[in-house]
>>> print(open('model.tsv').read())   # TSV, C-alpha atoms
chain	number	residue	atom	x	y	z
A	843	MET	CA	-79.62	-39.62	35.90
A	844	ALA	CA	-76.53	-40.17	33.77
A	845	GLN	CA	-73.47	-41.25	35.73
A	846	ALA	CA	-70.51	-38.84	35.62
A	847	LYS	CA	-67.58	-40.04	33.56
A	848	PHE	CA	-64.15	-40.01	35.19
A	849	ILE	CA	-61.41	-38.50	33.03
A	850	PRO	CA	-57.89	-38.43	34.48
A	851	ILE	CA	-56.45	-34.94	34.06
A	852	TYR	CA	-52.87	-35.96	34.74
A	853	LYS	CA	-51.08	-39.17	35.73
A	854	SER	CA	-47.69	-38.97	34.01
A	855	THR	CA	-45.85	-37.19	31.22
A	856	THR	CA	-43.90	-38.04	28.10
A	857	GLY	CA	-41.69	-35.00	28.68
A	858	LEU	CA	-41.28	-31.38	27.70
A	859	ASN	CA	-42.57	-29.91	24.44
A	860	ASN	CA	-42.15	-26.14	24.14
A	861	ALA	CA	-42.22	-26.17	20.32
A	862	LEU	CA	-46.03	-26.34	20.12
A	863	ASP	CA	-48.77	-24.07	21.41
A	864	PRO	CA	-49.74	-25.48	24.85
A	865	VAL	CA	-53.32	-26.12	23.67
A	866	ARG	CA	-51.97	-28.48	20.99
A	867	LEU	CA	-49.85	-30.69	23.24
A	868	GLU	CA	-50.50	-34.42	23.13
A	869	PHE	CA	-52.88	-35.66	25.83
A	870	ASP	CA	-54.46	-39.09	26.26
A	871	PRO	CA	-57.78	-38.73	28.14
A	872	LYS	CA	-57.89	-42.48	28.82
A	873	THR	CA	-54.53	-42.70	30.57
A	874	GLY	CA	-53.92	-39.13	31.72
A	875	VAL	CA	-50.53	-39.05	30.00
A	876	THR	CA	-49.61	-35.64	28.64
A	877	GLU	CA	-46.77	-33.50	27.37
A	878	LEU	CA	-45.58	-30.51	29.39
A	879	SER	CA	-45.31	-26.96	28.08
A	880	GLN	CA	-43.01	-26.03	30.99
A	881	ALA	CA	-40.86	-28.04	33.37
A	882	ILE	CA	-38.99	-25.91	35.90
A	883	ASN	CA	-36.57	-27.43	38.42
A	884	VAL	CA	-37.99	-30.95	38.12
A	885	ASP	CA	-36.81	-34.38	37.03
A	886	ILE	CA	-38.82	-36.78	34.85
A	887	ASP	CA	-37.99	-40.46	35.20
A	888	ASN	CA	-38.43	-43.21	32.61
A	889	SER	CA	-41.93	-43.98	33.90
A	890	GLY	CA	-43.12	-40.41	33.30
A	891	ARG	CA	-43.14	-39.46	36.96
A	892	VAL	CA	-42.36	-35.82	37.76
A	893	SER	CA	-40.49	-35.02	40.97
A	894	ARG	CA	-38.66	-32.04	42.40
A	895	ARG	CA	-34.94	-31.94	41.79
A	896	LEU	CA	-32.76	-32.80	44.74
A	897	GLY	CA	-31.24	-29.98	46.75
A	898	ARG	CA	-27.58	-29.02	46.90
A	899	THR	CA	-24.89	-29.12	49.57
A	900	LEU	CA	-22.02	-26.63	49.51
A	901	LYS	CA	-18.69	-28.49	49.38
A	902	ASN	CA	-16.32	-25.67	48.43
A	903	ALA	CA	-17.02	-21.94	48.27
A	904	SER	CA	-14.58	-21.21	45.44
A	905	ALA	CA	-15.96	-19.23	42.48
A	906	ALA	CA	-15.50	-22.13	40.07
A	907	ARG	CA	-15.92	-22.24	36.30
A	908	CYS	CA	-14.70	-24.41	33.40
A	909	GLY	CA	-14.98	-27.61	35.42
A	910	PHE	CA	-13.87	-31.02	34.18
A	911	VAL	CA	-14.05	-34.50	35.71
A	912	HIS	CA	-12.27	-37.61	34.48
A	913	GLY	CA	-12.20	-40.61	36.78
A	914	GLU	CA	-10.99	-39.33	40.14
A	915	ILE	CA	-9.57	-36.10	38.67
A	916	CYS	CA	-11.57	-32.87	39.00
A	917	LEU	CA	-10.22	-29.62	37.56
A	918	PHE	CA	-11.67	-26.12	37.52
A	919	VAL	CA	-10.65	-22.50	37.01
A	920	SER	CA	-11.17	-19.73	39.55
A	921	GLY	CA	-10.06	-16.27	38.57
A	922	THR	CA	-6.75	-16.79	36.74
A	923	THR	CA	-5.81	-20.02	38.51
A	924	LEU	CA	-6.27	-23.69	37.61
A	925	TYR	CA	-7.25	-25.85	40.57
A	926	LEU	CA	-7.30	-29.57	41.28
A	927	MET	CA	-10.19	-30.73	43.51
A	928	SER	CA	-9.55	-33.69	45.82
A	929	ALA	CA	-12.05	-36.36	46.86
A	930	THR	CA	-12.51	-34.41	50.12
A	931	TYR	CA	-13.38	-31.25	48.14
A	932	THR	CA	-10.13	-29.49	48.95
A	933	ALA	CA	-8.92	-27.27	46.08
A	934	THR	CA	-5.21	-27.07	45.30
A	935	SER	CA	-3.70	-24.49	42.94
A	936	ILE	CA	-1.66	-26.15	40.18
A	937	ARG	CA	-1.21	-23.23	37.74
A	938	THR	CA	-1.50	-19.47	38.06
A	939	GLY	CA	-1.34	-16.55	35.64
A	940	LEU	CA	-4.02	-17.73	33.22
A	941	THR	CA	-5.74	-15.21	30.97
A	942	ALA	CA	-8.74	-13.76	32.80
A	943	GLY	CA	-12.09	-14.91	31.42
A	944	ALA	CA	-10.63	-17.40	28.91
A	945	ARG	CA	-12.68	-20.59	28.62
A	946	MET	CA	-10.72	-23.75	29.43
A	947	ARG	CA	-11.25	-26.98	27.49
A	948	TYR	CA	-9.80	-30.38	28.40
A	949	TYR	CA	-9.22	-33.83	26.91
A	950	PRO	CA	-7.69	-37.00	28.41
A	951	ILE	CA	-4.88	-38.50	26.31
A	952	ALA	CA	-2.62	-41.38	27.37
A	953	GLY	CA	-3.04	-40.91	31.10
A	954	ARG	CA	-2.76	-37.12	31.02
A	955	ILE	CA	-5.35	-34.35	30.95
A	956	TYR	CA	-4.44	-31.82	28.26
A	957	TYR	CA	-5.95	-28.35	28.44
A	958	VAL	CA	-6.15	-25.19	26.29
A	959	ASN	CA	-7.93	-21.85	26.62
A	960	GLY	CA	-6.90	-20.01	23.46
A	961	TYR	CA	-3.96	-18.34	25.20
A	962	GLU	CA	-2.32	-20.94	27.46
A	963	LYS	CA	-1.95	-24.70	27.25
A	964	GLY	CA	-0.55	-27.53	29.33
A	965	TYR	CA	-1.31	-30.93	30.75
A	966	VAL	CA	-2.05	-32.40	34.17
A	967	ALA	CA	-0.35	-35.56	35.42
A	968	ASN	CA	0.42	-36.84	38.92
A	969	ASN	CA	-1.68	-34.01	40.40
A	970	ALA	CA	0.50	-31.29	38.85
A	971	SER	CA	0.44	-29.07	35.76
A	972	TYR	CA	3.23	-29.27	33.19
A	973	VAL	CA	4.36	-27.32	30.13
A	974	TRP	CA	3.02	-28.82	26.91
A	975	GLU	CA	5.82	-28.61	24.35
A	976	LYS	CA	7.69	-30.70	21.80
A	977	GLY	CA	10.85	-31.08	23.87
A	978	GLY	CA	13.87	-32.54	22.08
A	979	TYR	CA	11.93	-34.43	19.41
A	980	THR	CA	13.83	-35.19	16.20
A	981	GLN	CA	12.83	-37.37	13.29
A	982	PRO	CA	14.86	-38.45	10.27
A	983	GLY	CA	13.34	-37.67	6.92
A	984	ASP	CA	12.71	-34.60	4.80
A	985	PRO	CA	15.05	-31.88	6.15
A	986	ARG	CA	12.61	-29.22	4.93
A	987	GLN	CA	9.98	-30.44	7.40
A	988	THR	CA	10.00	-28.46	10.62
A	989	PHE	CA	8.30	-29.26	13.91
A	990	SER	CA	6.86	-26.86	16.46
A	991	ASN	CA	5.36	-26.74	19.90
A	992	PRO	CA	1.58	-27.15	20.09
A	993	PRO	CA	-0.20	-24.02	18.84
A	994	ASN	CA	-2.50	-22.05	21.10
A	995	GLY	CA	-6.11	-23.03	20.50
A	996	HIS	CA	-9.55	-23.10	22.06
A	997	ILE	CA	-10.37	-26.85	21.79
A	998	VAL	CA	-8.18	-29.90	22.40
A	999	SER	CA	-9.06	-33.46	21.37
A	1000	TRP	CA	-7.53	-36.65	19.95
A	1001	PHE	CA	-7.84	-38.79	16.84
A	1002	ALA	CA	-5.89	-41.78	15.45
A	1003	ALA	CA	-2.91	-41.45	17.84
A	1004	ARG	CA	-2.69	-37.67	17.29
A	1005	ALA	CA	-3.49	-34.79	19.61
A	1006	LEU	CA	-5.79	-32.24	17.96
A	1007	ILE	CA	-5.98	-28.51	18.63
A	1008	ALA	CA	-8.61	-26.25	17.08
A	1009	ARG	CA	-7.79	-22.57	16.51
A	1010	ASP	CA	-10.66	-20.66	14.95
A	1011	ASN	CA	-11.46	-22.72	11.80
A	1012	ALA	CA	-8.19	-24.70	11.63
A	1013	VAL	CA	-7.58	-28.09	13.27
A	1014	PHE	CA	-3.93	-28.98	13.84
A	1015	ALA	CA	-2.83	-32.59	14.37
A	1016	SER	CA	0.32	-33.71	16.18
A	1017	VAL	CA	2.82	-36.25	14.93
A	1018	PRO	CA	1.40	-39.75	15.68
A	1019	SER	CA	2.02	-40.72	19.32
A	1020	PHE	CA	4.07	-37.55	19.96
A	1021	TYR	CA	1.38	-35.27	21.34
A	1022	GLY	CA	3.57	-32.20	21.74
A	1023	VAL	CA	5.07	-32.24	18.22
A	1024	PHE	CA	3.25	-30.39	15.43
A	1025	ASP	CA	4.00	-29.66	11.79
A	1026	LEU	CA	2.16	-26.35	11.54
A	1027	HIS	CA	2.75	-26.03	7.78
A	1028	ASN	CA	1.29	-29.37	6.71
A	1029	GLY	CA	-0.45	-31.07	9.63
A	1030	PHE	CA	-3.76	-29.24	9.67
A	1031	LYS	CA	-7.21	-29.19	8.10
A	1032	LEU	CA	-9.33	-26.09	7.45
A	1033	MET	CA	-12.99	-26.25	8.40
A	1034	PRO	CA	-15.72	-24.15	6.76
A	1035	HIS	CA	-16.38	-22.12	9.93
A	1036	HIS	CA	-15.22	-21.58	13.51
A	1037	VAL	CA	-14.78	-24.98	15.19
A	1038	THR	CA	-16.96	-25.69	18.25
A	1039	MET	CA	-16.62	-29.48	18.70
A	1040	LEU	CA	-14.06	-32.24	18.03
A	1041	ARG	CA	-15.07	-35.78	19.03
A	1042	PRO	CA	-13.37	-38.95	17.72
A	1043	THR	CA	-15.08	-42.27	17.05
A	1044	PRO	CA	-13.68	-45.62	15.84
A	1045	GLN	CA	-14.82	-44.74	12.31
A	1046	GLY	CA	-14.13	-41.03	12.08
A	1047	LEU	CA	-14.24	-37.62	13.68
A	1048	TRP	CA	-17.32	-35.56	14.57
A	1049	VAL	CA	-16.72	-31.87	13.98
A	1050	GLY	CA	-19.08	-29.12	15.00
A	1051	THR	CA	-18.72	-25.60	13.70
A	1052	SER	CA	-20.64	-22.41	14.34
A	1053	GLN	CA	-22.86	-23.21	11.34
A	1054	GLN	CA	-22.63	-26.94	10.56
A	1055	VAL	CA	-22.39	-30.48	11.90
A	1056	LEU	CA	-19.82	-32.57	9.99
A	1057	PHE	CA	-18.55	-36.13	10.13
A	1058	TYR	CA	-15.06	-36.81	8.81
A	1059	ARG	CA	-15.05	-40.49	7.89
A	1060	GLY	CA	-11.90	-42.60	8.07
A	1061	THR	CA	-9.40	-44.13	10.46
A	1062	LYS	CA	-6.33	-42.11	9.42
A	1063	TRP	CA	-5.91	-38.35	9.67
A	1064	GLU	CA	-4.61	-38.06	6.10
A	1065	GLU	CA	-7.57	-39.97	4.62
A	1066	LEU	CA	-10.53	-38.32	6.35
A	1067	ARG	CA	-13.48	-37.57	4.05
A	1068	ARG	CA	-15.95	-34.82	4.92
A	1069	GLU	CA	-19.67	-35.62	5.19
A	1070	PRO	CA	-22.00	-32.69	6.02
A	1071	LYS	CA	-24.77	-33.78	8.41
A	1072	ALA	CA	-26.71	-30.63	9.38
A	1073	GLU	CA	-26.78	-26.99	8.33
A	1074	TYR	CA	-26.82	-25.62	11.86
A	1075	GLY	CA	-24.00	-25.30	14.33
A	1076	VAL	CA	-22.99	-26.95	17.60
A	1077	ILE	CA	-23.02	-24.90	20.79
A	1078	GLU	CA	-19.43	-24.99	22.07
A	1079	GLY	CA	-18.99	-27.01	25.27
A	1080	SER	CA	-22.24	-28.97	24.90
A	1081	ASP	CA	-20.66	-32.23	23.66
A	1082	VAL	CA	-20.25	-35.35	25.81
A	1083	VAL	CA	-19.77	-39.06	25.14
A	1084	CYS	CA	-22.75	-41.20	26.16
A	1085	PRO	CA	-22.61	-44.95	26.84
A	1086	GLY	CA	-24.66	-46.39	23.98
A	1087	ALA	CA	-26.71	-48.64	26.25
A	1088	LYS	CA	-28.41	-45.54	27.65
A	1089	LEU	CA	-29.75	-44.73	24.17
A	1090	GLY	CA	-30.28	-48.32	23.12
A	1091	VAL	CA	-27.57	-48.22	20.47
A	1092	VAL	CA	-24.22	-49.91	19.91
A	1093	GLY	CA	-21.05	-48.00	20.72
A	1094	ASN	CA	-20.62	-44.68	22.50
A	1095	PRO	CA	-22.39	-41.88	20.63
A	1096	VAL	CA	-21.64	-38.21	21.05
A	1097	LEU	CA	-24.45	-36.06	22.42
A	1098	PHE	CA	-24.41	-32.33	21.72
A	1099	THR	CA	-26.75	-29.36	21.59
A	1100	THR	CA	-27.52	-27.15	18.61
A	1101	PRO	CA	-29.92	-24.22	18.16
A	1102	GLN	CA	-32.27	-26.80	16.59
A	1103	GLY	CA	-32.17	-29.36	19.42
A	1104	ILE	CA	-30.18	-32.05	21.19
A	1105	CYS	CA	-28.45	-34.33	18.69
A	1106	SER	CA	-26.48	-37.56	18.67
A	1107	GLY	CA	-23.62	-38.69	16.47
A	1108	SER	CA	-22.99	-42.44	16.38
A	1109	ASP	CA	-19.70	-44.29	16.00
A	1110	ASP	CA	-20.49	-45.00	12.34
A	1111	GLY	CA	-21.43	-41.42	11.44
A	1112	THR	CA	-25.22	-41.59	11.84
A	1113	PHE	CA	-26.65	-38.20	12.80
A	1114	THR	CA	-29.96	-37.87	14.69
A	1115	ASN	CA	-31.72	-34.79	16.01
A	1116	LEU	CA	-33.43	-36.20	19.10
A	1117	THR	CA	-35.65	-33.23	19.95
A	1118	LEU	CA	-36.24	-31.39	16.67
A	1119	LYS	CA	-40.04	-31.37	16.92
A	1120	LYS	CA	-40.28	-30.97	20.70
A	1121	LEU	CA	-37.84	-28.42	22.07
A	1122	VAL	CA	-36.97	-24.83	21.26
A	1123	PHE	CA	-33.64	-23.79	22.75
A	1124	PRO	CA	-32.49	-20.36	23.85
A	1125	SER	CA	-29.76	-18.85	21.74
A	1126	GLY	CA	-26.27	-19.18	23.17
A	1127	ARG	CA	-22.68	-19.45	22.04
A	1128	TYR	CA	-21.32	-21.53	24.93
A	1129	ALA	CA	-22.59	-24.35	27.10
A	1130	SER	CA	-21.50	-26.83	29.76
A	1131	ALA	CA	-22.65	-30.44	29.68
A	1132	THR	CA	-22.24	-33.75	31.46
A	1133	MET	CA	-23.73	-37.21	31.81
A	1134	ALA	CA	-25.22	-37.83	35.27
A	1135	GLY	CA	-26.35	-41.44	35.39
A	1136	ASP	CA	-28.64	-41.84	32.40
A	1137	ARG	CA	-29.27	-38.09	32.03
A	1138	TYR	CA	-27.63	-35.68	29.64
A	1139	ILE	CA	-27.48	-32.31	31.42
A	1140	VAL	CA	-26.64	-29.17	29.49
A	1141	LEU	CA	-26.47	-25.56	30.70
A	1142	ILE	CA	-26.57	-22.92	27.96
A	1143	GLU	CA	-24.96	-19.54	28.55
A	1144	PRO	CA	-27.25	-16.82	27.19
>>> encode(input="model.tsv", output="structure tokens")
Amino acid sequence: MAQAKFIPIYKSTTGLNNALDPVRLEFDPKTGVTELSQAINVDIDNSGRVSRRLGRTLKNASAARCGFVHGEICLFVSGTTLYLMSATYTATSIRTGLTAGARMRYYPIAGRIYYVNGYEKGYVANNASYVWEKGGYTQPGDPRQTFSNPPNGHIVSWFAARALIARDNAVFASVPSFYGVFDLHNGFKLMPHHVTMLRPTPQGLWVGTSQQVLFYRGTKWEELRREPKAEYGVIEGSDVVCPGAKLGVVGNPVLFTTPQGICSGSDDGTFTNLTLKKLVFPSGRYASATMAGDRYIVLIEP
């Protein structure tokens, strides 16, 4: 009688692949390593082991949204109020009267956390919120040049000693090292579509729009040169900076999500779609993302 042959059905996984028909997923009958067509509420470690995600513990019952963490600072919006969360999970109101439902975006610049939501703007320092304005700035030079307070916008960032604010498809840059001073007539660049991402690198500026991924190469705002990288857009709020060692690359690449997959943009302008052939994403205009250890976590709003 022939002896039965042992075939391992499953021992570990290489990860999720919802781009292929489940019957066509890769499977190695010798090792039992397979791809997954679904992976719900689980974590997959670097060895291919699947385990349930850890549970949650309620720390604060506030209805929080638009969260942001930088070092020991945690900010979030609840209703029309901006809150600061302490290390003991106590929430303190630091600004009221915000526009209801407006999405807050943040960026750390020179020891402050600057924020915008399309209607209001400000910055956080010393556990308090302050007005973001040009103050009494004056500069000798062309008397025809006029300076203004920061414009209202939906994204704030930084590049080459300048604060950046995106408003629809325009990106305004402050005077170098004076982050509240803007020349609204000359200090801006127009993008091809609505801006959804602004991320600086030592060699340029990654820009996501609703329809494209772009890299603006250069080290000075006035000399940036546009390089199109992909003809699909970046989901707003999905971008984070990842320590390069976690991806096995030099520098600190930007990770972001597009309708065509999770992508990375390196310091030198190299664009890579990391999941193009493996993952199909739900459509969404907004997202929230973070790095948790060596994991990029993104939540897409349908």
>>> residues_around(input="model.tsv", residues="stretch 961-977 of chain A", least_positions_apart="5", cutoff="10 Å", atoms="all atoms listed in the file", output="count of residues only")
41
>>> residues_around(input="model.tsv", residues="A:Thr856", least_positions_apart="5", cutoff="10 Å", atoms="all atoms listed in the file", output="list in words")
Glu868, Phe869, Val875, Thr876, Glu877, Leu878, Ile886, Asp887, Asn888, Ser889, Gly890 and Arg891 of chain A
>>> closest_residue(input="model.tsv", among="A:Gln1102, A:Thr1114, A:Asn860, A:Gln1054", to="A:Glu1069", atoms="all atoms listed in the file")
A:Gln1054
>>> atom_distance(input="model.tsv", atom1="atom CA of A:Thr873", atom2="atom CA of A:Lys1120")
20.9 Å
>>> atom_distance(input="model.tsv", atom1="atom CA of A:Val911", atom2="atom CA of A:Leu1121")
28.1 Å
>>> build_atoms(input="model.tsv", residues="stretch 891-920 of chain A", atoms="N, CA and C atoms", output="compact mmCIF listing (two decimals), in the coordinates of the input")
# COMPACT_ATOMS: atom_id res chain seq x y z
N ARG A 891 -42.88 -40.12 35.69
CA ARG A 891 -43.14 -39.46 36.96
C ARG A 891 -42.34 -38.17 37.07
N VAL A 892 -43.00 -37.12 37.57
CA VAL A 892 -42.36 -35.82 37.76
C VAL A 892 -42.07 -35.65 39.25
N SER A 893 -40.84 -35.25 39.57
CA SER A 893 -40.49 -35.02 40.97
C SER A 893 -39.56 -33.81 41.05
N ARG A 894 -39.55 -33.18 42.20
CA ARG A 894 -38.66 -32.04 42.40
C ARG A 894 -37.21 -32.49 42.33
N ARG A 895 -36.36 -31.63 41.80
CA ARG A 895 -34.94 -31.94 41.79
C ARG A 895 -34.39 -31.91 43.21
N LEU A 896 -33.37 -32.74 43.42
CA LEU A 896 -32.76 -32.80 44.74
C LEU A 896 -32.06 -31.48 45.06
N GLY A 897 -31.92 -31.20 46.33
CA GLY A 897 -31.24 -29.98 46.75
C GLY A 897 -29.74 -30.09 46.59
N ARG A 898 -29.03 -29.08 47.04
CA ARG A 898 -27.58 -29.02 46.90
C ARG A 898 -26.92 -28.83 48.25
N THR A 899 -25.70 -29.30 48.36
CA THR A 899 -24.89 -29.12 49.57
C THR A 899 -23.58 -28.46 49.17
N LEU A 900 -23.25 -27.35 49.81
CA LEU A 900 -22.02 -26.63 49.51
C LEU A 900 -20.82 -27.44 49.98
N LYS A 901 -19.90 -27.75 49.06
CA LYS A 901 -18.69 -28.49 49.38
C LYS A 901 -17.46 -27.61 49.36
N ASN A 902 -17.46 -26.58 48.53
CA ASN A 902 -16.32 -25.67 48.43
C ASN A 902 -16.85 -24.33 47.94
N ALA A 903 -16.46 -23.26 48.58
CA ALA A 903 -17.02 -21.94 48.27
C ALA A 903 -16.26 -21.20 47.17
N SER A 904 -15.33 -21.86 46.50
CA SER A 904 -14.58 -21.21 45.44
C SER A 904 -15.50 -20.81 44.28
N ALA A 905 -15.19 -19.68 43.64
CA ALA A 905 -15.96 -19.23 42.48
C ALA A 905 -15.47 -20.02 41.27
N ALA A 906 -16.02 -21.20 41.07
CA ALA A 906 -15.50 -22.13 40.07
C ALA A 906 -16.18 -21.95 38.72
N ARG A 907 -15.40 -22.18 37.67
CA ARG A 907 -15.92 -22.24 36.30
C ARG A 907 -15.04 -23.20 35.50
N CYS A 908 -15.48 -23.55 34.30
CA CYS A 908 -14.70 -24.41 33.40
C CYS A 908 -14.30 -25.70 34.11
N GLY A 909 -15.26 -26.38 34.71
CA GLY A 909 -14.98 -27.61 35.42
C GLY A 909 -14.82 -28.80 34.48
N PHE A 910 -14.08 -29.81 34.96
CA PHE A 910 -13.87 -31.02 34.18
C PHE A 910 -13.60 -32.17 35.13
N VAL A 911 -14.25 -33.31 34.88
CA VAL A 911 -14.05 -34.50 35.71
C VAL A 911 -13.70 -35.67 34.81
N HIS A 912 -12.66 -36.40 35.19
CA HIS A 912 -12.27 -37.61 34.48
C HIS A 912 -11.77 -38.60 35.52
N GLY A 913 -12.56 -39.66 35.73
CA GLY A 913 -12.20 -40.61 36.78
C GLY A 913 -12.21 -39.92 38.12
N GLU A 914 -11.10 -39.96 38.83
CA GLU A 914 -10.99 -39.33 40.14
C GLU A 914 -10.41 -37.92 40.05
N ILE A 915 -10.16 -37.42 38.84
CA ILE A 915 -9.57 -36.10 38.67
C ILE A 915 -10.67 -35.08 38.42
N CYS A 916 -10.63 -33.99 39.19
CA CYS A 916 -11.57 -32.87 39.00
C CYS A 916 -10.76 -31.59 38.89
N LEU A 917 -10.93 -30.87 37.80
CA LEU A 917 -10.22 -29.62 37.56
C LEU A 917 -11.23 -28.49 37.39
N PHE A 918 -10.83 -27.29 37.79
CA PHE A 918 -11.67 -26.12 37.52
C PHE A 918 -10.80 -24.87 37.57
N VAL A 919 -11.33 -23.79 37.02
CA VAL A 919 -10.65 -22.50 37.01
C VAL A 919 -11.39 -21.56 37.95
N SER A 920 -10.62 -20.80 38.72
CA SER A 920 -11.17 -19.73 39.55
C SER A 920 -10.28 -18.51 39.37
